[in-house]
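Novice: One structure is given below, represented as structure tokens, and several questions about it will come after.
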Amino acid sequence: MSNLELDPREIRGGAGEVAGREVLEGREVPLGGPRAMTVSRTLPGVHRRMIGAWCFVDAYGPEQATMRVPPHPHTGLQTVSWLVAGEVLHRDSLGTLQEIRPGRLNLMTAGRGISHSEESPAGSVLHGVQLWVALPDASRHVEPGFEHHPTLPVLSGPGFAATVVMGTLGGVTSPATAYSPLAGAEIAVDGDCEVPVDPAFEHGLLLLDGEVAEVGRGPLVYLPPGRSGVRLSGRGRVLLIGGEPFGEEIVMWWNFVGRSHDEIAAYRKEWMEGEGFGTVEGFDGAPLPAPVLPGTRLKPRGRVR
Ligand code: MN
């Protein structure tokens, strides 16, 4: 088990399963103001904080909701926006105005700093995930960028079709820019299947819709490295995220990923002073103020705690 701590929530897989499978329960987090929508946040968890470079997983819907996230900053990460239903309009400080719809990828690379807003038509059905990928130290100060990918490659096999959103799955690579070895895919399952995966990667599985036996509704199922395939059975859609275990310790606070308390404090100060993150044009409302920093110093943390 190398450096993995055992956790009370860990459950052992059945025959043929690699030991170390864990069920990461989400917690309900309200997003946005008075008409808040609720998201289920499964990463970071108290114990497991990252899967590969994936450091944040929020799932929402399907529900009638209004997403209205005013302009806010990011550093040191990429945001991966993926919808199952509905539409979301993205604006950012590079001047981007881009709607996303199901099956299309919005990928924003914050790098050294960017700000953006997200909104959806009032009271329409929303269903999707908001994911963050931490940038490795060598890439975390890259220029900010935005990519929209209306079509993505598909890996097909008996009983499944996987849309490869980020990284590489079964030899099929997404055109989206990635900065560490990773995989991100929406897998449509129809019957029994085995999806090939990289044995060097750890993985997470989240049910998006339907019924898939190996993935309960709600939690993120964690699979440690050392398997060449993921067996799934049922009918539905599953989000798969994975990557090489992230070797660096990071500080995640509010919308920033950095490496030290002082760096995060400097990002916060810049944002509050209106510097360093550009301006989002066209959003009807004021930017989000940063919360107050905690009284204790933020500590860098590794992938598990
Ligand atoms: Mn954001």
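Labels used: A, B, ... for chains in the order of the structure tokens, numbers from 1 for residues in each chain, and numbers from 1 for ligands as shown.
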With the cut-off set at 10 Å and counting only C-alpha atoms, tabulate each residue of region 96-166 of chain A with an atom at most that distance from an atom of region 195-200 of chain A, showing the nearest atom pair and its distance in Å to one decimal, ordered by chain and increasing number, as CSV.

Specialist:
residue,atom,partner,partner_atom,distance
A:Leu155,CA,A:Val195,CA,9.0
A:Ser156,CA,A:Val195,CA,8.8
A:Gly157,CA,A:Val195,CA,7.6
A:Pro158,CA,A:Val195,CA,9.1
A:Gly159,CA,A:Val195,CA,9.2
A:Phe160,CA,A:Val195,CA,7.6
A:Ala161,CA,A:Val195,CA,9.0
A:Ala162,CA,A:Val195,CA,8.4

Novice: Collect all residues with atoms no farther than 7 Å from ligand 1, counting only C-alpha atoms and all ligand atoms, and output them as a PyMOL selection string.

Specialist: chain A and resi 72-74+79+116-117+255

Novice: What is the CA of Ser93 (chain A)-CA of Ser115 (chain A) distance in Å, reported with one decimal?

Specialist: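 Between CA of Ser93 (chain A) and CA of Ser115 (chain A) the gap works out to 5.4 Å.
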
Novice: Taking only region 9-106 of chain A into account, list the residues labelled strand (DSSP E) by DSSP (computed from the backbone), as a ChimeraX atom specification.

Specialist: /A:22-24,27-31,37-43,54-65,68-74,77-85,88-92,97-100,105-106

Novice: Write out the residues from the selection above, keeping C-alpha atoms, as a PDB file, in the first residue's frame.

Specialist:
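Listing of selection.pdb after writing:
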ATOM      1  CA  GLU A  22     -12.456   3.670  -1.713  1.00  0.00           C
ATOM      2  CA  VAL A  23     -15.845   5.353  -1.761  1.00  0.00           C
ATOM      3  CA  LEU A  24     -15.472   9.119  -1.404  1.00  0.00           C
ATOM      4  CA  ARG A  27     -20.638  16.932   0.743  1.00  0.00           C
ATOM      5  CA  GLU A  28     -23.363  19.350  -0.204  1.00  0.00           C
ATOM      6  CA  VAL A  29     -22.047  22.846  -0.847  1.00  0.00           C
ATOM      7  CA  PRO A  30     -24.219  25.849  -1.764  1.00  0.00           C
ATOM      8  CA  LEU A  31     -22.888  27.833  -4.742  1.00  0.00           C
ATOM      9  CA  MET A  37     -27.675  25.875  -6.351  1.00  0.00           C
ATOM     10  CA  THR A  38     -26.257  22.985  -4.409  1.00  0.00           C
ATOM     11  CA  VAL A  39     -23.331  20.939  -5.617  1.00  0.00           C
ATOM     12  CA  SER A  40     -21.894  17.645  -4.391  1.00  0.00           C
ATOM     13  CA  ARG A  41     -18.156  18.067  -3.772  1.00  0.00           C
ATOM     14  CA  THR A  42     -16.212  14.811  -3.711  1.00  0.00           C
ATOM     15  CA  LEU A  43     -12.702  16.274  -4.167  1.00  0.00           C
ATOM     16  CA  TRP A  54      -7.471  16.370 -10.586  1.00  0.00           C
ATOM     17  CA  CYS A  55      -7.956  18.375  -7.412  1.00  0.00           C
ATOM     18  CA  PHE A  56     -11.599  19.439  -7.429  1.00  0.00           C
ATOM     19  CA  VAL A  57     -14.825  17.651  -8.408  1.00  0.00           C
ATOM     20  CA  ASP A  58     -18.208  19.350  -8.095  1.00  0.00           C
ATOM     21  CA  ALA A  59     -21.278  17.588  -9.514  1.00  0.00           C
ATOM     22  CA  TYR A  60     -24.693  19.193  -9.829  1.00  0.00           C
ATOM     23  CA  GLY A  61     -28.155  18.288 -11.046  1.00  0.00           C
ATOM     24  CA  PRO A  62     -30.160  17.281 -12.824  1.00  0.00           C
ATOM     25  CA  GLU A  63     -32.284  20.023 -11.338  1.00  0.00           C
ATOM     26  CA  GLN A  64     -33.985  23.245 -12.324  1.00  0.00           C
ATOM     27  CA  ALA A  65     -31.473  25.819 -11.211  1.00  0.00           C
ATOM     28  CA  ARG A  68     -24.828  32.657 -11.547  1.00  0.00           C
ATOM     29  CA  VAL A  69     -21.183  32.805 -10.516  1.00  0.00           C
ATOM     30  CA  PRO A  70     -19.875  36.403 -10.685  1.00  0.00           C
ATOM     31  CA  PRO A  71     -16.340  37.189 -11.888  1.00  0.00           C
ATOM     32  CA  HIS A  72     -13.723  35.515  -9.689  1.00  0.00           C
ATOM     33  CA  PRO A  73     -10.020  34.721 -10.119  1.00  0.00           C
ATOM     34  CA  HIS A  74      -8.054  31.496 -10.521  1.00  0.00           C
ATOM     35  CA  LEU A  77      -5.061  25.272 -12.334  1.00  0.00           C
ATOM     36  CA  GLN A  78      -7.256  24.412 -15.303  1.00  0.00           C
ATOM     37  CA  THR A  79     -11.054  24.415 -15.061  1.00  0.00           C
ATOM     38  CA  VAL A  80     -12.815  21.658 -17.000  1.00  0.00           C
ATOM     39  CA  SER A  81     -16.515  22.365 -17.534  1.00  0.00           C
ATOM     40  CA  TRP A  82     -18.630  19.418 -18.707  1.00  0.00           C
ATOM     41  CA  LEU A  83     -22.392  19.300 -19.039  1.00  0.00           C
ATOM     42  CA  VAL A  84     -24.818  16.410 -19.219  1.00  0.00           C
ATOM     43  CA  ALA A  85     -27.807  18.744 -19.711  1.00  0.00           C
ATOM     44  CA  VAL A  88     -23.711  27.611 -19.332  1.00  0.00           C
ATOM     45  CA  LEU A  89     -22.248  30.865 -20.602  1.00  0.00           C
ATOM     46  CA  HIS A  90     -18.587  31.519 -19.829  1.00  0.00           C
ATOM     47  CA  ARG A  91     -16.927  34.948 -19.913  1.00  0.00           C
ATOM     48  CA  ASP A  92     -13.318  35.600 -19.006  1.00  0.00           C
ATOM     49  CA  LEU A  97     -17.558  34.644 -24.517  1.00  0.00           C
ATOM     50  CA  GLN A  98     -18.402  30.958 -24.946  1.00  0.00           C
ATOM     51  CA  GLU A  99     -21.523  28.931 -24.316  1.00  0.00           C
ATOM     52  CA  ILE A 100     -21.144  25.255 -23.563  1.00  0.00           C
ATOM     53  CA  LEU A 105     -15.613  21.019 -23.503  1.00  0.00           C
ATOM     54  CA  ASN A 106     -14.774  24.398 -22.044  1.00  0.00           C
TER      55      ASN A 106
END

Novice: Fewer than 5 positions away in the same chain doesn't count, so skip those; otherwise give me all residues within 10 Å of His141 (chain A), counting only C-alpha atoms, as a PyMOL selection string.

Specialist: chain A and resi 75-77+110-113+135-136

Novice: Do a neighbour search on region 163-179 of chain A at 6 Å with only C-alpha atoms, toss out local chain neighbours closer than 3 positions, and write the hits as a list in words.

Specialist: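 Surrounding residues, per the criterion: Pro153, Val154, Leu182, Ala183, Gly184, Ala185, Glu186 and Pro196 of chain A.
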
Novice: Filtering to C-alpha atoms, could you give me those residues as a PDB file, in the first residue's frame?

Specialist:
ATOM      1  CA  PRO A 153     -12.516  11.771 -29.924  1.00  0.00           C
ATOM      2  CA  VAL A 154     -14.295   8.599 -28.840  1.00  0.00           C
ATOM      3  CA  LEU A 182      -3.947  12.272 -17.093  1.00  0.00           C
ATOM      4  CA  ALA A 183      -7.245  10.938 -18.373  1.00  0.00           C
ATOM      5  CA  GLY A 184     -10.746  12.357 -18.289  1.00  0.00           C
ATOM      6  CA  ALA A 185     -13.672  10.759 -20.106  1.00  0.00           C
ATOM      7  CA  GLU A 186     -17.434  10.404 -20.199  1.00  0.00           C
ATOM      8  CA  PRO A 196      -8.716  -0.041 -20.845  1.00  0.00           C
TER       9      PRO A 196
END

Novice: Between A:Val257, A:Ile114, A:Leu107, A:Ala138, which residue has the minimum interatomic distance to Glu275 (chain A), considering only C-alpha atoms?

Specialist: A:Ile114

Novice: Do you have the CA of Gly242 (chain A)-CA of Gly204 (chain A) distance handy?

Specialist: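 Here the two named atoms are 6.1 Å from each other.
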
Novice: Grab the CA of Ile187 (chain A) to CA of Arg49 (chain A) distance for me, in Å with one decimal place.

Specialist: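 Answer for the CA of Ile187 (chain A) to CA of Arg49 (chain A) separation: 23.3 Å.
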
Novice: Let me make sure I understand: among A:Val238, A:Gln130, A:Val142, A:Gly229, which one has the smallest atom-to-atom distance to Val215 (chain A) if we use only C-alpha atoms?

Specialist: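 Closest to Val215 (chain A), using only C-alpha atoms: A:Val238.
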
Novice: Select from region 69-301 of chain A everything DSSP, run on the backbone, classes as alpha helix (DSSP H), then give the selection as a count of residues only.

Specialist: 12

Novice: Which residue, A:Ala188, A:Ala266, A:Ile250, A:Glu194, has the smallest gap to Leu208 (chain A) when you use only C-alpha atoms?

Specialist: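 Of A:Ala188, A:Ala266, A:Ile250, A:Glu194, the one nearest Leu208 (chain A) is A:Ala188, counting only C-alpha atoms.
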
Novice: Any idea what's packed within 7 Å of Val251 (chain A), counting only C-alpha atoms, ignoring anything in its chain fewer than 4 positions away? Could you give it as a PDB file with all heavy atoms, in the first residue's frame?

Specialist:
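And here is the file that came out, result.pdb:
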ATOM      1  N   VAL A 257      -4.821  27.917  -6.586  1.00  0.00           N
ATOM      2  CA  VAL A 257      -3.883  26.833  -6.277  1.00  0.00           C
ATOM      3  C   VAL A 257      -2.490  27.447  -6.299  1.00  0.00           C
ATOM      4  O   VAL A 257      -2.113  28.130  -7.262  1.00  0.00           O
ATOM      5  CB  VAL A 257      -3.979  25.669  -7.284  1.00  0.00           C
ATOM      6  CG1 VAL A 257      -2.857  24.657  -7.060  1.00  0.00           C
ATOM      7  CG2 VAL A 257      -5.333  24.968  -7.163  1.00  0.00           C
ATOM      8  N   GLY A 258      -1.751  27.246  -5.215  1.00  0.00           N
ATOM      9  CA  GLY A 258      -0.383  27.762  -5.108  1.00  0.00           C
ATOM     10  C   GLY A 258       0.476  26.761  -4.370  1.00  0.00           C
ATOM     11  O   GLY A 258       0.148  25.569  -4.292  1.00  0.00           O
ATOM     12  N   ARG A 259       1.585  27.251  -3.844  1.00  0.00           N
ATOM     13  CA  ARG A 259       2.503  26.350  -3.144  1.00  0.00           C
ATOM     14  C   ARG A 259       2.788  26.785  -1.716  1.00  0.00           C
ATOM     15  O   ARG A 259       3.414  26.040  -0.966  1.00  0.00           O
ATOM     16  CB  ARG A 259       3.829  26.230  -3.917  1.00  0.00           C
ATOM     17  CG  ARG A 259       3.716  25.547  -5.293  1.00  0.00           C
ATOM     18  CD  ARG A 259       3.280  24.095  -5.192  1.00  0.00           C
ATOM     19  NE  ARG A 259       3.234  23.411  -6.496  1.00  0.00           N
ATOM     20  CZ  ARG A 259       2.202  23.449  -7.322  1.00  0.00           C
ATOM     21  NH1 ARG A 259       1.106  24.131  -7.019  1.00  0.00           N
ATOM     22  NH2 ARG A 259       2.234  22.779  -8.467  1.00  0.00           N
ATOM     23  N   SER A 260       2.357  28.009  -1.346  1.00  0.00           N
ATOM     24  CA  SER A 260       2.654  28.476   0.006  1.00  0.00           C
ATOM     25  C   SER A 260       1.559  29.427   0.480  1.00  0.00           C
ATOM     26  O   SER A 260       0.820  30.008  -0.329  1.00  0.00           O
ATOM     27  CB  SER A 260       4.007  29.201   0.037  1.00  0.00           C
ATOM     28  OG  SER A 260       3.901  30.444  -0.648  1.00  0.00           O
ATOM     29  N   LEU A 298      -1.926  28.657   5.956  1.00  0.00           N
ATOM     30  CA  LEU A 298      -2.324  27.558   5.079  1.00  0.00           C
ATOM     31  C   LEU A 298      -1.116  26.654   4.862  1.00  0.00           C
ATOM     32  O   LEU A 298      -0.005  27.143   4.632  1.00  0.00           O
ATOM     33  CB  LEU A 298      -2.807  28.115   3.735  1.00  0.00           C
ATOM     34  CG  LEU A 298      -4.002  29.070   3.799  1.00  0.00           C
ATOM     35  CD1 LEU A 298      -4.134  29.834   2.481  1.00  0.00           C
ATOM     36  CD2 LEU A 298      -5.279  28.292   4.095  1.00  0.00           C
ATOM     37  N   LYS A 299      -1.356  25.340   4.940  1.00  0.00           N
ATOM     38  CA  LYS A 299      -0.255  24.377   4.800  1.00  0.00           C
ATOM     39  C   LYS A 299      -0.324  23.682   3.438  1.00  0.00           C
ATOM     40  O   LYS A 299      -1.398  23.284   3.014  1.00  0.00           O
ATOM     41  CB  LYS A 299      -0.366  23.292   5.867  1.00  0.00           C
ATOM     42  CG  LYS A 299      -0.092  23.753   7.276  1.00  0.00           C
ATOM     43  CD  LYS A 299       0.066  22.517   8.180  1.00  0.00           C
ATOM     44  CE  LYS A 299       0.014  22.899   9.642  1.00  0.00           C
ATOM     45  NZ  LYS A 299      -1.333  22.799  10.212  1.00  0.00           N
ATOM     46  N   PRO A 300       0.826  23.510   2.808  1.00  0.00           N
ATOM     47  CA  PRO A 300       0.840  22.671   1.593  1.00  0.00           C
ATOM     48  C   PRO A 300       0.439  21.236   1.956  1.00  0.00           C
ATOM     49  O   PRO A 300       0.833  20.735   3.019  1.00  0.00           O
ATOM     50  CB  PRO A 300       2.305  22.727   1.133  1.00  0.00           C
ATOM     51  CG  PRO A 300       2.898  23.903   1.840  1.00  0.00           C
ATOM     52  CD  PRO A 300       2.155  24.037   3.130  1.00  0.00           C
ATOM     53  N   ARG A 301      -0.348  20.608   1.089  1.00  0.00           N
ATOM     54  CA  ARG A 301      -0.803  19.238   1.350  1.00  0.00           C
ATOM     55  C   ARG A 301      -0.582  18.383   0.123  1.00  0.00           C
ATOM     56  O   ARG A 301      -0.694  18.847  -0.998  1.00  0.00           O
ATOM     57  CB  ARG A 301      -2.286  19.230   1.714  1.00  0.00           C
ATOM     58  CG  ARG A 301      -2.585  20.011   2.983  1.00  0.00           C
ATOM     59  CD  ARG A 301      -3.964  19.645   3.525  1.00  0.00           C
ATOM     60  NE  ARG A 301      -4.352  20.536   4.609  1.00  0.00           N
ATOM     61  CZ  ARG A 301      -3.899  20.448   5.866  1.00  0.00           C
ATOM     62  NH1 ARG A 301      -3.041  19.491   6.169  1.00  0.00           N
ATOM     63  NH2 ARG A 301      -4.308  21.300   6.790  1.00  0.00           N
TER      64      ARG A 301
END
